[in-house]
>>> print(open('start09.txt').read())   # compact mmCIF, C-alpha atoms and all ligand atoms
# COMPACT_ATOMS: atom_id res chain seq x y z
CA MET S 1 -23.63 -35.25 -83.66
CA ASN S 2 -26.69 -33.10 -84.31
CA MET S 3 -29.10 -35.47 -82.65
CA ALA S 4 -26.82 -35.76 -79.63
CA SER S 5 -27.68 -32.15 -78.77
CA LYS S 6 -31.01 -33.53 -77.51
CA LYS S 7 -31.72 -32.55 -73.91
CA LEU S 8 -31.56 -35.43 -71.40
CA ARG S 9 -34.98 -34.45 -70.06
CA ARG S 10 -36.41 -35.56 -73.38
CA ALA S 11 -34.40 -38.78 -73.53
CA GLY S 12 -36.61 -40.80 -71.20
CA LEU S 13 -34.50 -40.41 -68.02
CA SER S 14 -36.06 -39.85 -64.61
CA GLN S 15 -36.33 -36.27 -63.37
CA ASP S 16 -34.16 -37.08 -60.33
CA LEU S 17 -31.38 -38.39 -62.51
CA CYS S 18 -31.58 -35.40 -64.87
CA GLU S 19 -31.34 -33.02 -61.93
CA ARG S 20 -28.39 -34.91 -60.48
CA LEU S 21 -26.56 -34.85 -63.81
CA SER S 22 -27.31 -31.18 -64.43
CA ARG S 23 -25.40 -30.37 -61.24
CA TYR S 24 -22.33 -31.60 -63.15
CA GLN S 25 -23.34 -29.53 -66.24
CA ILE S 26 -24.41 -32.75 -67.96
CA THR S 27 -27.59 -31.75 -69.77
CA THR S 28 -27.48 -33.25 -73.24
CA CYS S 29 -27.17 -36.77 -74.64
CA GLN S 30 -23.78 -35.75 -76.00
CA ASP S 31 -22.59 -34.83 -72.50
CA VAL S 32 -23.45 -38.35 -71.28
CA LEU S 33 -22.04 -40.15 -74.29
CA CYS S 34 -18.70 -38.37 -73.89
CA LEU S 35 -18.19 -39.84 -70.40
CA SER S 36 -16.60 -43.17 -69.58
CA LEU S 37 -18.53 -45.83 -67.67
CA LEU S 38 -16.49 -45.10 -64.56
CA GLU S 39 -17.18 -41.37 -64.76
CA LEU S 40 -20.86 -42.06 -65.26
CA MET S 41 -20.93 -44.36 -62.22
CA LYS S 42 -19.38 -41.58 -60.20
CA VAL S 43 -21.77 -38.81 -61.27
CA THR S 44 -24.94 -40.93 -61.15
CA GLY S 45 -24.04 -43.02 -58.08
CA GLN S 46 -25.36 -46.05 -59.93
CA SER S 47 -24.02 -49.56 -60.50
CA TYR S 48 -22.06 -50.68 -63.56
CA TRP S 49 -25.09 -52.47 -65.07
CA LYS S 50 -27.46 -49.57 -64.45
CA VAL S 51 -25.02 -47.16 -66.06
CA LYS S 52 -24.70 -49.48 -69.08
CA LYS S 53 -28.48 -49.48 -69.38
CA LEU S 54 -28.50 -45.70 -69.06
CA LEU S 55 -26.00 -45.39 -71.90
CA ASN S 56 -28.15 -47.66 -74.00
CA THR S 57 -31.27 -45.54 -73.35
CA VAL S 58 -29.45 -42.30 -74.16
CA SER S 59 -27.88 -43.72 -77.33
CA ARG S 60 -31.22 -45.01 -78.57
CA SER S 61 -33.01 -41.76 -77.88
CA CYS S 62 -30.59 -39.69 -79.93
CA ALA S 63 -29.86 -42.17 -82.71
CA PRO S 64 -31.42 -41.07 -86.01
CA LYS S 65 -34.65 -42.92 -86.61
CA MET S 66 -34.67 -44.95 -89.78
CA GLN S 67 -37.45 -44.18 -92.20
CA THR S 68 -37.95 -45.26 -95.74
CA VAL S 69 -38.12 -42.87 -98.65
CA TYR S 70 -41.71 -43.99 -99.17
CA GLU S 71 -42.62 -42.99 -95.62
CA MET S 72 -40.99 -39.60 -96.10
CA LYS S 73 -42.86 -39.05 -99.34
CA MET S 74 -46.19 -40.12 -97.84
CA LYS S 75 -45.75 -37.76 -94.90
CA ARG S 76 -45.28 -34.85 -97.27
CA THR S 77 -48.17 -35.92 -99.49
CA ILE S 78 -50.58 -36.20 -96.56
CA ASN S 79 -49.58 -32.87 -95.05
CA PRO S 80 -47.76 -30.79 -97.67
CA SER S 81 -48.27 -27.54 -95.77
CA SER S 82 -46.06 -28.72 -92.91
CA ALA S 83 -43.12 -29.43 -95.22
CA PHE S 84 -42.57 -25.82 -96.33
CA LEU S 85 -43.07 -22.28 -95.18
CA GLN S 86 -44.31 -20.33 -98.19
CA THR S 87 -42.44 -17.13 -98.94
CA THR S 88 -45.57 -15.92 -100.80
CA LEU S 89 -43.18 -14.97 -103.61
CA GLU S 90 -44.99 -17.21 -106.06
CA ASP S 91 -42.24 -18.02 -108.53
CA LEU S 92 -39.70 -18.57 -105.78
CA ASP S 93 -42.05 -20.94 -103.94
CA LYS S 94 -42.66 -22.81 -107.18
CA ILE S 95 -38.97 -23.36 -107.83
CA LEU S 96 -38.41 -24.43 -104.19
CA HIS S 97 -41.30 -26.93 -104.43
CA GLY S 98 -43.32 -25.05 -101.82
CA GLY S 99 -41.13 -22.52 -100.04
CA ILE S 100 -38.52 -22.53 -97.29
CA ALA S 101 -38.02 -26.17 -96.34
CA CYS S 102 -38.92 -27.28 -92.82
CA GLY S 103 -36.28 -29.38 -91.09
CA SER S 104 -33.36 -27.50 -92.59
CA LEU S 105 -31.20 -24.37 -92.40
CA THR S 106 -31.68 -21.53 -94.89
CA GLU S 107 -29.11 -18.77 -95.09
CA ILE S 108 -29.85 -15.30 -96.46
CA THR S 109 -26.64 -13.62 -97.41
CA GLY S 110 -25.84 -10.31 -99.04
CA PRO S 111 -24.54 -6.80 -98.51
CA ALA S 112 -25.83 -4.25 -96.01
CA GLY S 113 -29.21 -2.79 -96.77
CA CYS S 114 -30.23 -5.26 -99.47
CA GLY S 115 -33.20 -6.56 -97.50
CA LYS S 116 -32.11 -9.51 -95.34
CA THR S 117 -33.84 -8.17 -92.23
CA GLN S 118 -36.91 -7.25 -94.28
CA PHE S 119 -37.04 -10.83 -95.53
CA CYS S 120 -36.73 -12.20 -91.98
CA ILE S 121 -39.45 -9.92 -90.61
CA MET S 122 -41.71 -10.94 -93.48
CA MET S 123 -41.04 -14.66 -92.94
CA SER S 124 -41.77 -14.27 -89.21
CA LEU S 125 -45.14 -12.77 -90.02
CA LEU S 126 -45.86 -15.55 -92.53
CA ALA S 127 -45.03 -18.30 -90.03
CA THR S 128 -47.75 -17.07 -87.68
CA LEU S 129 -50.43 -17.25 -90.39
CA PRO S 130 -52.88 -20.18 -90.55
CA THR S 131 -51.86 -23.09 -92.75
CA SER S 132 -54.73 -22.29 -95.12
CA MET S 133 -52.83 -19.07 -95.95
CA GLY S 134 -49.50 -20.87 -96.41
CA GLY S 135 -48.29 -20.22 -92.85
CA LEU S 136 -47.31 -22.64 -90.12
CA ASP S 137 -49.80 -21.38 -87.52
CA GLY S 138 -47.11 -21.15 -84.88
CA ALA S 139 -44.88 -18.92 -82.83
CA VAL S 140 -41.51 -17.55 -83.89
CA VAL S 141 -38.24 -17.15 -82.01
CA TYR S 142 -36.38 -14.21 -83.52
CA ILE S 143 -32.81 -13.74 -82.31
CA ASP S 144 -31.73 -10.22 -83.21
CA THR S 145 -28.00 -9.60 -82.88
CA GLU S 146 -27.98 -6.22 -84.63
CA SER S 147 -30.96 -4.53 -82.98
CA ALA S 148 -32.43 -4.34 -86.46
CA PHE S 149 -35.89 -5.79 -85.82
CA SER S 150 -38.70 -3.26 -86.07
CA ALA S 151 -42.15 -4.02 -84.65
CA GLU S 152 -43.58 -1.06 -86.61
CA ARG S 153 -42.23 -2.54 -89.82
CA LEU S 154 -43.75 -5.93 -88.94
CA ILE S 155 -47.18 -4.33 -88.53
CA GLU S 156 -46.73 -2.31 -91.72
CA ILE S 157 -45.91 -5.42 -93.75
CA ALA S 158 -48.85 -7.31 -92.20
CA GLN S 159 -51.35 -4.55 -92.96
CA HIS S 160 -50.17 -4.04 -96.53
CA ARG S 161 -49.59 -7.66 -97.47
CA PHE S 162 -52.79 -9.07 -95.99
CA PRO S 163 -55.11 -6.05 -95.63
CA HIS S 164 -58.28 -8.12 -95.24
CA TYR S 165 -56.91 -10.59 -92.73
CA PHE S 166 -55.27 -7.93 -90.58
CA ALA S 167 -58.24 -5.57 -90.76
CA SER S 168 -59.28 -7.27 -87.56
CA GLU S 169 -57.75 -5.63 -84.50
CA GLU S 170 -57.65 -8.97 -82.70
CA LYS S 171 -55.48 -10.57 -85.40
CA LEU S 172 -53.20 -7.56 -85.54
CA VAL S 173 -52.56 -7.90 -81.82
CA SER S 174 -52.25 -11.68 -81.64
CA MET S 175 -49.73 -11.94 -84.51
CA PRO S 176 -46.87 -9.92 -82.86
CA ASN S 177 -47.66 -11.67 -79.60
CA ARG S 178 -46.48 -14.89 -81.20
CA ILE S 179 -43.12 -13.46 -82.26
CA HIS S 180 -40.65 -13.77 -79.39
CA LEU S 181 -37.80 -11.37 -79.91
CA TYR S 182 -34.45 -11.79 -78.18
CA ARG S 183 -31.73 -9.18 -78.53
CA GLU S 184 -28.47 -11.05 -78.05
CA LEU S 185 -25.43 -8.92 -78.66
CA THR S 186 -22.55 -11.25 -77.74
CA CYS S 187 -21.38 -14.65 -78.99
CA ASP S 188 -21.87 -16.08 -75.54
CA SER S 189 -25.47 -14.93 -75.23
CA VAL S 190 -26.32 -16.10 -78.76
CA LEU S 191 -24.95 -19.56 -77.98
CA LYS S 192 -26.81 -19.69 -74.65
CA ARG S 193 -30.02 -18.68 -76.38
CA ILE S 194 -29.55 -21.36 -79.05
CA GLU S 195 -28.86 -23.94 -76.35
CA SER S 196 -32.10 -23.05 -74.58
CA LEU S 197 -34.25 -23.21 -77.70
CA GLU S 198 -35.33 -26.83 -77.40
CA GLU S 199 -37.60 -26.21 -74.42
CA GLU S 200 -38.84 -22.96 -75.85
CA ILE S 201 -39.84 -24.56 -79.14
CA ILE S 202 -41.93 -27.11 -77.25
CA SER S 203 -43.51 -24.76 -74.71
CA LYS S 204 -44.35 -21.96 -77.15
CA ASN S 205 -45.21 -24.09 -80.20
CA VAL S 206 -42.46 -22.40 -82.17
CA LYS S 207 -42.59 -23.09 -85.91
CA LEU S 208 -39.79 -20.83 -87.10
CA VAL S 209 -36.41 -19.78 -85.70
CA VAL S 210 -34.69 -16.70 -87.16
CA ILE S 211 -31.19 -15.48 -86.36
CA ASP S 212 -30.41 -12.04 -87.79
CA SER S 213 -27.46 -12.15 -88.04
CA ILE S 214 -25.36 -15.18 -87.23
CA ALA S 215 -22.24 -13.39 -88.50
CA SER S 216 -22.24 -9.97 -86.85
CA VAL S 217 -21.44 -10.98 -83.25
CA VAL S 218 -18.85 -13.47 -84.44
CA ARG S 219 -17.11 -10.86 -86.57
CA LYS S 220 -17.21 -8.35 -83.74
CA GLU S 221 -15.61 -10.65 -81.21
CA PHE S 222 -13.13 -12.72 -83.16
CA ASP S 223 -10.18 -10.80 -84.53
CA LEU S 224 -8.84 -13.35 -86.95
CA LYS S 225 -5.43 -11.73 -87.01
CA LEU S 226 -4.91 -13.21 -83.56
CA GLN S 227 -3.63 -16.75 -83.50
CA GLY S 228 -6.14 -19.38 -82.41
CA ASN S 229 -9.18 -17.20 -83.02
CA LEU S 230 -10.04 -18.83 -86.32
CA LYS S 231 -10.18 -22.26 -84.73
CA GLU S 232 -12.24 -20.99 -81.82
CA ARG S 233 -14.63 -19.21 -84.14
CA SER S 234 -14.97 -22.26 -86.31
CA ASN S 235 -15.73 -24.40 -83.23
CA LEU S 236 -18.39 -21.97 -82.06
CA LEU S 237 -20.08 -21.83 -85.45
CA THR S 238 -19.97 -25.61 -85.80
CA LYS S 239 -21.56 -25.99 -82.39
CA GLU S 240 -24.30 -23.50 -83.23
CA ALA S 241 -24.94 -25.07 -86.62
CA SER S 242 -25.09 -28.51 -85.04
CA ILE S 243 -27.72 -27.50 -82.47
CA LEU S 244 -29.76 -25.59 -85.03
CA LYS S 245 -29.71 -28.53 -87.43
CA PHE S 246 -30.85 -30.83 -84.66
CA LEU S 247 -33.71 -28.49 -83.72
CA ALA S 248 -34.77 -28.03 -87.33
CA GLU S 249 -34.86 -31.79 -87.92
CA GLU S 250 -36.29 -32.83 -84.56
CA PHE S 251 -39.21 -30.39 -84.70
CA SER S 252 -39.46 -30.23 -88.47
CA ILE S 253 -39.24 -26.44 -88.55
CA PRO S 254 -37.34 -24.07 -90.80
CA VAL S 255 -34.38 -22.12 -89.41
CA ILE S 256 -33.47 -18.89 -91.21
CA LEU S 257 -30.09 -17.22 -90.68
CA THR S 258 -28.63 -14.07 -92.15
CA ASN S 259 -25.02 -13.42 -92.97
CA GLN S 260 -23.51 -10.26 -94.41
CA ILE S 261 -21.01 -10.73 -97.22
CA THR S 262 -19.20 -8.38 -99.54
CA THR S 263 -16.89 -9.05 -102.43
CA TRP S 264 -15.44 -6.23 -104.46
CA LEU S 265 -14.06 -6.74 -107.92
CA ASN S 266 -11.40 -4.39 -109.23
CA ASP S 267 -13.26 -3.11 -112.24
CA GLY S 268 -15.44 -1.13 -109.92
CA PHE S 269 -18.25 -3.62 -110.25
CA ALA S 270 -19.36 -4.97 -106.94
CA VAL S 271 -20.49 -8.54 -106.58
CA GLN S 272 -21.73 -9.90 -103.33
CA THR S 273 -21.32 -13.57 -102.86
CA ASP S 274 -20.61 -16.11 -100.19
CA LEU S 275 -16.96 -16.30 -100.88
CA LEU S 276 -15.20 -19.09 -99.15
CA SER S 277 -11.89 -20.74 -99.49
CA PRO S 278 -12.27 -24.01 -101.35
CA ALA S 279 -9.57 -25.53 -99.16
CA ASP S 280 -10.67 -25.29 -95.58
CA ASP S 281 -11.52 -22.89 -92.78
CA PHE S 282 -7.91 -22.39 -91.84
CA SER S 283 -6.92 -20.88 -95.14
CA LEU S 284 -9.37 -18.05 -94.71
CA SER S 285 -8.33 -14.61 -93.78
CA GLU S 286 -11.20 -12.49 -92.64
CA GLY S 287 -11.44 -8.84 -93.50
CA SER S 288 -10.49 -6.92 -96.58
CA SER S 289 -7.70 -8.72 -98.30
CA ARG S 290 -6.21 -8.48 -101.71
CA LYS S 291 -6.34 -11.56 -103.83
CA GLY S 292 -3.26 -13.06 -105.41
CA ASP S 293 -1.56 -12.47 -108.78
CA GLY S 294 -3.80 -12.65 -111.76
CA GLU S 295 -6.91 -12.17 -109.69
CA SER S 296 -8.37 -8.80 -109.17
CA GLY S 297 -10.43 -7.71 -106.27
CA TYR S 298 -10.96 -7.25 -102.61
CA VAL S 299 -12.75 -9.83 -100.63
CA THR S 300 -14.52 -9.87 -97.34
CA THR S 301 -14.79 -13.52 -96.58
CA ALA S 302 -17.65 -15.48 -95.09
CA LEU S 303 -17.80 -17.75 -92.11
CA GLY S 304 -15.68 -20.63 -93.34
CA ASN S 305 -16.11 -23.78 -95.31
CA THR S 306 -17.62 -25.83 -92.48
CA TRP S 307 -20.27 -23.22 -91.97
CA SER S 308 -20.94 -23.03 -95.67
CA HIS S 309 -21.69 -26.75 -95.78
CA SER S 310 -23.91 -26.56 -92.69
CA VAL S 311 -26.63 -24.60 -94.43
CA ASN S 312 -28.92 -26.53 -96.75
CA THR S 313 -30.22 -23.61 -98.78
CA ARG S 314 -28.62 -20.27 -99.51
CA PHE S 315 -30.20 -17.16 -101.02
CA ILE S 316 -28.06 -14.23 -102.02
CA LEU S 317 -29.80 -10.86 -101.95
CA GLN S 318 -27.84 -8.24 -103.81
CA TYR S 319 -27.96 -5.03 -105.79
CA LEU S 320 -27.86 -5.70 -109.50
CA ASP S 321 -27.28 -2.03 -110.23
CA SER S 322 -28.27 1.17 -108.52
CA GLN S 323 -31.97 0.54 -109.20
CA ARG S 324 -32.54 -3.17 -109.19
CA ARG S 325 -32.14 -5.87 -106.55
CA GLN S 326 -31.71 -9.52 -107.21
CA LEU S 327 -32.44 -12.69 -105.26
CA LEU S 328 -30.29 -15.65 -106.22
CA VAL S 329 -31.00 -19.19 -105.17
CA ALA S 330 -27.32 -20.02 -104.79
CA LYS S 331 -27.59 -23.37 -103.04
CA SER S 332 -30.59 -25.65 -102.82
CA PRO S 333 -31.22 -29.39 -102.73
CA ALA S 334 -34.42 -28.83 -104.70
CA ALA S 335 -33.97 -25.85 -107.02
CA PRO S 336 -31.58 -24.93 -109.81
CA PHE S 337 -29.33 -21.88 -109.59
CA ILE S 338 -31.75 -19.13 -110.52
CA SER S 339 -32.26 -15.40 -110.14
CA PHE S 340 -35.27 -13.19 -109.48
CA LEU S 341 -35.60 -9.44 -109.46
CA TYR S 342 -37.31 -8.03 -106.39
CA VAL S 343 -38.38 -4.79 -104.85
CA ILE S 344 -39.07 -3.86 -101.24
CA GLU S 345 -42.34 -2.09 -100.63
CA LYS S 346 -44.61 -1.37 -97.70
CA SER S 347 -45.90 -4.92 -98.02
CA GLY S 348 -42.37 -6.38 -97.84
CA LEU S 349 -40.48 -8.14 -100.62
CA LEU S 350 -42.17 -8.54 -103.99
CA LEU S 351 -40.84 -10.25 -107.09
CA GLN S 352 -40.88 -8.20 -110.24
CA GLU S 353 -43.06 -9.75 -112.89
CA SER S 354 -40.50 -9.45 -115.68
CA SER S 355 -37.91 -11.44 -113.76
CA GLN S 356 -39.75 -14.66 -114.56
CA LYS S 357 -42.45 -14.03 -117.13
CA ASP S 358 -40.20 -12.96 -120.02
CA GLN S 359 -37.39 -15.29 -119.21
CA PRO S 360 -36.90 -18.99 -118.96
CA CYS S 361 -37.13 -20.41 -115.45
CA CYS S 362 -33.43 -21.00 -114.98
CA SER S 363 -32.38 -17.59 -116.05
CA TRP S 364 -28.89 -16.19 -116.16
CA GLU S 365 -29.83 -13.04 -117.99
CA GLY S 366 -29.86 -10.14 -115.67
CA THR S 367 -27.36 -11.74 -113.35
CA SER S 368 -24.12 -9.94 -112.74
CA PRO S 369 -21.18 -10.54 -115.12
CA ALA S 370 -19.22 -12.38 -112.46
CA LEU S 371 -22.04 -14.85 -111.85
CA GLN S 372 -22.56 -15.30 -115.57
CA ALA S 373 -18.88 -16.19 -115.75
CA ILE S 374 -19.50 -18.96 -113.27
CA LYS S 375 -22.27 -20.26 -115.48
CA VAL S 376 -19.98 -20.35 -118.49
CA ARG S 377 -17.45 -22.29 -116.48
CA GLN S 378 -20.14 -24.58 -115.14
CA ASP S 379 -21.26 -25.39 -118.67
CA THR S 380 -17.82 -26.68 -119.52
CA PHE S 381 -18.31 -29.61 -117.14
CA LYS S 382 -20.46 -32.20 -118.81
CA ASP S 383 -20.69 -34.84 -116.10
CA GLU S 384 -23.41 -33.73 -113.73
CA SER S 385 -21.80 -34.83 -110.48
CA VAL S 386 -18.47 -33.30 -111.41
CA SER S 387 -20.29 -30.24 -112.60
CA SER S 388 -22.15 -29.54 -109.38
CA ALA S 389 -19.14 -30.12 -107.14
CA ARG S 390 -16.89 -28.09 -109.36
CA PHE S 391 -19.54 -25.41 -109.79
CA HIS S 392 -19.74 -25.00 -106.04
CA SER S 393 -15.99 -24.64 -105.85
CA LEU S 394 -15.90 -22.18 -108.74
CA GLN S 395 -18.68 -20.20 -107.20
CA GLN S 396 -16.61 -19.90 -104.08
CA GLN S 397 -13.61 -18.68 -106.01
CA VAL S 398 -15.16 -15.75 -107.88
N1 LIG S 401 -41.13 0.64 -95.05
C1 LIG S 401 -40.35 0.35 -96.07
N2 LIG S 401 -40.83 0.47 -97.32
C2 LIG S 401 -40.05 0.17 -98.38
N3 LIG S 401 -38.77 -0.26 -98.28
C3 LIG S 401 -38.27 -0.39 -97.07
C4 LIG S 401 -39.02 -0.09 -95.90
N4 LIG S 401 -38.23 -0.34 -94.84
C5 LIG S 401 -37.04 -0.75 -95.32
N5 LIG S 401 -37.06 -0.77 -96.67
C6 LIG S 401 -35.96 -1.16 -97.57
O1 LIG S 401 -35.18 -2.13 -96.91
C7 LIG S 401 -33.80 -1.76 -96.96
C8 LIG S 401 -33.12 -2.20 -95.69
O2 LIG S 401 -33.17 -3.58 -95.67
P1 LIG S 401 -32.61 -4.44 -94.45
O3 LIG S 401 -32.60 -3.65 -93.21
O4 LIG S 401 -33.37 -5.71 -94.48
O5 LIG S 401 -31.13 -4.68 -94.92
P2 LIG S 401 -30.13 -5.81 -94.45
O6 LIG S 401 -29.81 -6.60 -95.64
O7 LIG S 401 -30.69 -6.53 -93.27
O8 LIG S 401 -28.90 -4.93 -94.03
P3 LIG S 401 -27.87 -5.13 -92.82
O9 LIG S 401 -26.95 -6.22 -93.27
O10 LIG S 401 -27.22 -3.81 -92.68
O11 LIG S 401 -28.67 -5.51 -91.60
C9 LIG S 401 -33.78 -0.28 -97.13
O12 LIG S 401 -32.68 0.09 -97.92
C10 LIG S 401 -35.05 0.01 -97.86
O13 LIG S 401 -34.77 -0.04 -99.24
>>> encode(input="start09.txt", output="structure tokens", more="lines below")
Ligand SMILES: Nc1ncnc2c1ncn2[C@@H]1O[C@H](COP(=O)(O)OP(=O)(O)OP(=O)(O)O)[C@@H](O)[C@H]1O
Amino acid sequence: MNMASKKLRRAGLSQDLCERLSRYQITTCQDVLCLSLLELMKVTGQSYWKVKKLLNTVSRSCAPKMQTVYEMKMKRTINPSSAFLQTTLEDLDKILHGGIACGSLTEITGPAGCGKTQFCIMMSLLATLPTSMGGLDGAVVYIDTESAFSAERLIEIAQHRFPHYFASEEKLVSMPNRIHLYRELTCDSVLKRIESLEEEIISKNVKLVVIDSIASVVRKEFDLKLQGNLKERSNLLTKEASILKFLAEEFSIPVILTNQITTWLNDGFAVQTDLLSPADDFSLSEGSSRKGDGESGYVTTALGNTWSHSVNTRFILQYLDSQRRQLLVAKSPAAPFISFLYVIEKSGLLLQESSQKDQPCCSWEGTSPALQAIKVRQDTFKDESVSSARFHSLQQQV
């Protein structure tokens, strides 16, 4: 499904044929594979056997390539810098085995003002840095759906985080030149932009894609009180996730997405988490809704269960109390559930020393009571596989 998003122009078809097909809005491998042989004969004007061969070529070009675990490991050993984009938050990078993983989707979720955009701006800057400094030495596509990106802030972070490197005027000019900002304020334009990314990634040597935020346009346009909107929204998000996953894997680049979530508990204590229905997308009701008997709190739900499973890694940025902010690694194929305290300064996000030095690596101290409650419940499941599945579900229910 993801791989089928591949553009036909990159599937080994002649330019003439691609142009002919594009007149029928057939531009991806998926578009071709959804047609019957008869339909394909009609749109290509080719014989039965040629069309069968065409189908074979398209199928082969978008089928996942088999590789052994050994090959994967060797690739990473030979060129470890291309497997991760360092966050330059040392303890976080350590726990993630190098940083934000290339080839996958990372979601930054949390309440308004906690620092999601700051994180994205900082990561964009880092992606442009040379590999010797932990960067990916590439361009960035930054899709801004909230008009929140600030070029001044980008320069400020650069100058304060890497004062020596950016002392040179030339570097200070070339860095923002590699960050391609697109303000897309509707669902339609975000989708169109995502659909056009493949060529852009190739032509501009893009090494990072950021979407800040994936949720805001969707929430603006889909009133979930209206029948049918939930399904339509879910389809749109699935389509976007599918293309983004394909791009991340195909070009081995990280994709970072932000998503604003709020959960309010009744005791006045606010917890922000990616709260999703454990059942399925269709049981979700977006907006402020009161939970059922025995449960206390108001919930603003996330983007649905399908979306939740589409992202490989999830960080939650949240306020721990009025002074302190906390970064939680809430979902990761490589790291345990862990929290860090952070501050935002002129140089961007910084981890607070005490968050790791005085505490064991997998720390639950300092996390909010609601998240500690999850931990207690998680500990009651001894079998590891049951534990992680159940933990995920419990986490969703808090
Ligand atoms: N120059 C700066 N120096 C220090 N802190 C800053 C600076 N600029 C912004 N901040 C901090 O970043 C916070 C805003 O973060 P950000 O805009 O990333 O929030 P967000 O999570 O993206 O919110 P939203 O969901 O509303 O977009 C401010 O509250 C402030 O604490």
>>> atom_distance(input="start09.txt", atom1="CA of Ala112 (chain S)", atom2="CA of Asn235 (chain S)")
25.9 Å
>>> closest_atom_pairs(input="start09.txt", of="chain S", to="ligand LIG 401 (chain S)", cutoff="10 Å", atoms="all atoms listed in the file", output="Markdown table")
| residue | atom | partner | partner_atom | distance |
| --- | --- | --- | --- | --- |
| S:Ile108 | CA | S:LIG401 | O6 | 8.7 |
| S:Thr109 | CA | S:LIG401 | O6 | 7.9 |
| S:Gly110 | CA | S:LIG401 | O6 | 6.4 |
| S:Pro111 | CA | S:LIG401 | O9 | 5.8 |
| S:Ala112 | CA | S:LIG401 | O9 | 3.6 |
| S:Gly113 | CA | S:LIG401 | O5 | 3.3 |
| S:Cys114 | CA | S:LIG401 | O6 | 4.1 |
| S:Gly115 | CA | S:LIG401 | O4 | 3.1 |
| S:Lys116 | CA | S:LIG401 | O6 | 3.7 |
| S:Thr117 | CA | S:LIG401 | O4 | 3.4 |
| S:Gln118 | CA | S:LIG401 | O4 | 3.9 |
| S:Phe119 | CA | S:LIG401 | O4 | 6.4 |
| S:Cys120 | CA | S:LIG401 | O4 | 7.7 |
| S:Ile121 | CA | S:LIG401 | O4 | 8.3 |
| S:Met122 | CA | S:LIG401 | O4 | 9.9 |
| S:Thr145 | CA | S:LIG401 | O11 | 9.7 |
| S:Glu146 | CA | S:LIG401 | O11 | 7.0 |
| S:Ser147 | CA | S:LIG401 | O11 | 9.0 |
| S:Ala148 | CA | S:LIG401 | O11 | 6.5 |
| S:Phe149 | CA | S:LIG401 | O3 | 8.4 |
| S:Ser150 | CA | S:LIG401 | N4 | 9.3 |
| S:Glu152 | CA | S:LIG401 | N1 | 9.0 |
| S:Arg153 | CA | S:LIG401 | N1 | 6.2 |
| S:Leu154 | CA | S:LIG401 | N1 | 9.3 |
| S:Glu156 | CA | S:LIG401 | N1 | 7.2 |
| S:Ile157 | CA | S:LIG401 | N1 | 7.8 |
| S:Asp212 | CA | S:LIG401 | O11 | 7.8 |
| S:Ser213 | CA | S:LIG401 | O11 | 7.6 |
| S:Ala215 | CA | S:LIG401 | O9 | 9.8 |
| S:Ser216 | CA | S:LIG401 | O9 | 8.8 |
| S:Thr258 | CA | S:LIG401 | O7 | 7.9 |
| S:Asn259 | CA | S:LIG401 | O9 | 7.5 |
| S:Gln260 | CA | S:LIG401 | O9 | 5.4 |
| S:Ile261 | CA | S:LIG401 | O9 | 8.4 |
| S:Leu317 | CA | S:LIG401 | O6 | 7.6 |
| S:Gln318 | CA | S:LIG401 | O6 | 8.6 |
| S:Arg325 | CA | S:LIG401 | O13 | 9.7 |
| S:Val343 | CA | S:LIG401 | N3 | 8.0 |
| S:Ile344 | CA | S:LIG401 | N3 | 4.7 |
| S:Glu345 | CA | S:LIG401 | C2 | 3.9 |
| S:Lys346 | CA | S:LIG401 | N2 | 4.2 |
| S:Ser347 | CA | S:LIG401 | N2 | 7.4 |
| S:Gly348 | CA | S:LIG401 | C2 | 7.0 |
| S:Leu349 | CA | S:LIG401 | N3 | 8.4 |
>>> residues_near_point(input="start09.txt", point="(-27.7, -14.5, -107.6)", cutoff="7 Å", atoms="only C-alpha atoms", output="PyMOL selection string")
chain S and resi 316+326-330+338-339+367
>>> closest_residue(input="start09.txt", among="S:Val43, S:Gly134, S:Ile256, S:Leu197", to="Asp93 (chain S)", atoms="only C-alpha atoms")
S:Gly134
>>> atom_distance(input="start09.txt", atom1="CA of Ala158 (chain S)", atom2="CA of Leu172 (chain S)")
8.0 Å
>>> atom_distance(input="start09.txt", atom1="CA of Ala248 (chain S)", atom2="CA of Val141 (chain S)")
12.6 Å
>>> closest_residue(input="start09.txt", among="S:Leu244, S:Leu351, S:Ala63, S:Met175", to="Val190 (chain S)", atoms="only C-alpha atoms")
S:Leu244
>>> axis_aligned_box(input="start09.txt", around="region 188-203 of chain S", padding_each_side="3 Å", output="AutoDock Vina command-line options")
--center_x -32.7 --center_y -21.0 --center_z -76.8 --size_x 27.6 --size_y 18.2 --size_z 10.7
>>> residues_around(input="start09.txt", residues="Leu13 (chain S)", least_positions_apart="6", cutoff="12 Å", atoms="all atoms listed in the file", output="ChimeraX atom specification")
/S:7,19-21,27-29,32,44,51,53-61
>>> residues_near_point(input="start09.txt", point="(-45.8, -20.1, -97.9)", cutoff="8 Å", atoms="all atoms listed in the file", output="PyMOL selection string")
chain S and resi 84-88+93+98-100+126+133-135
>>> closest_residue(input="start09.txt", among="S:Ser22, S:Ser124, S:Thr313, S:Gln352", to="Val209 (chain S)", atoms="only C-alpha atoms")
S:Ser124
>>> residues_around(input="start09.txt", residues="Lys207 (chain S)", least_positions_apart="2", cutoff="12 Å", atoms="all atoms listed in the file", output="PyMOL selection string")
chain S and resi 82-85+101-103+123-131+135-142+178-180+197-198+200-205+209-210+247-256
>>> residues_around(input="start09.txt", residues="Gln30 (chain S)", least_positions_apart="5", cutoff="12 Å", atoms="all atoms listed in the file", output="list of chain:residue names")
S:Met1, S:Asn2, S:Met3, S:Ala4, S:Ser5, S:Lys6, S:Lys7, S:Leu8, S:Ala11, S:Gln25, S:Leu35, S:Leu55, S:Val58, S:Ser59, S:Ser61, S:Cys62, S:Ala63, S:Lys239, S:Ser242, S:Ile243
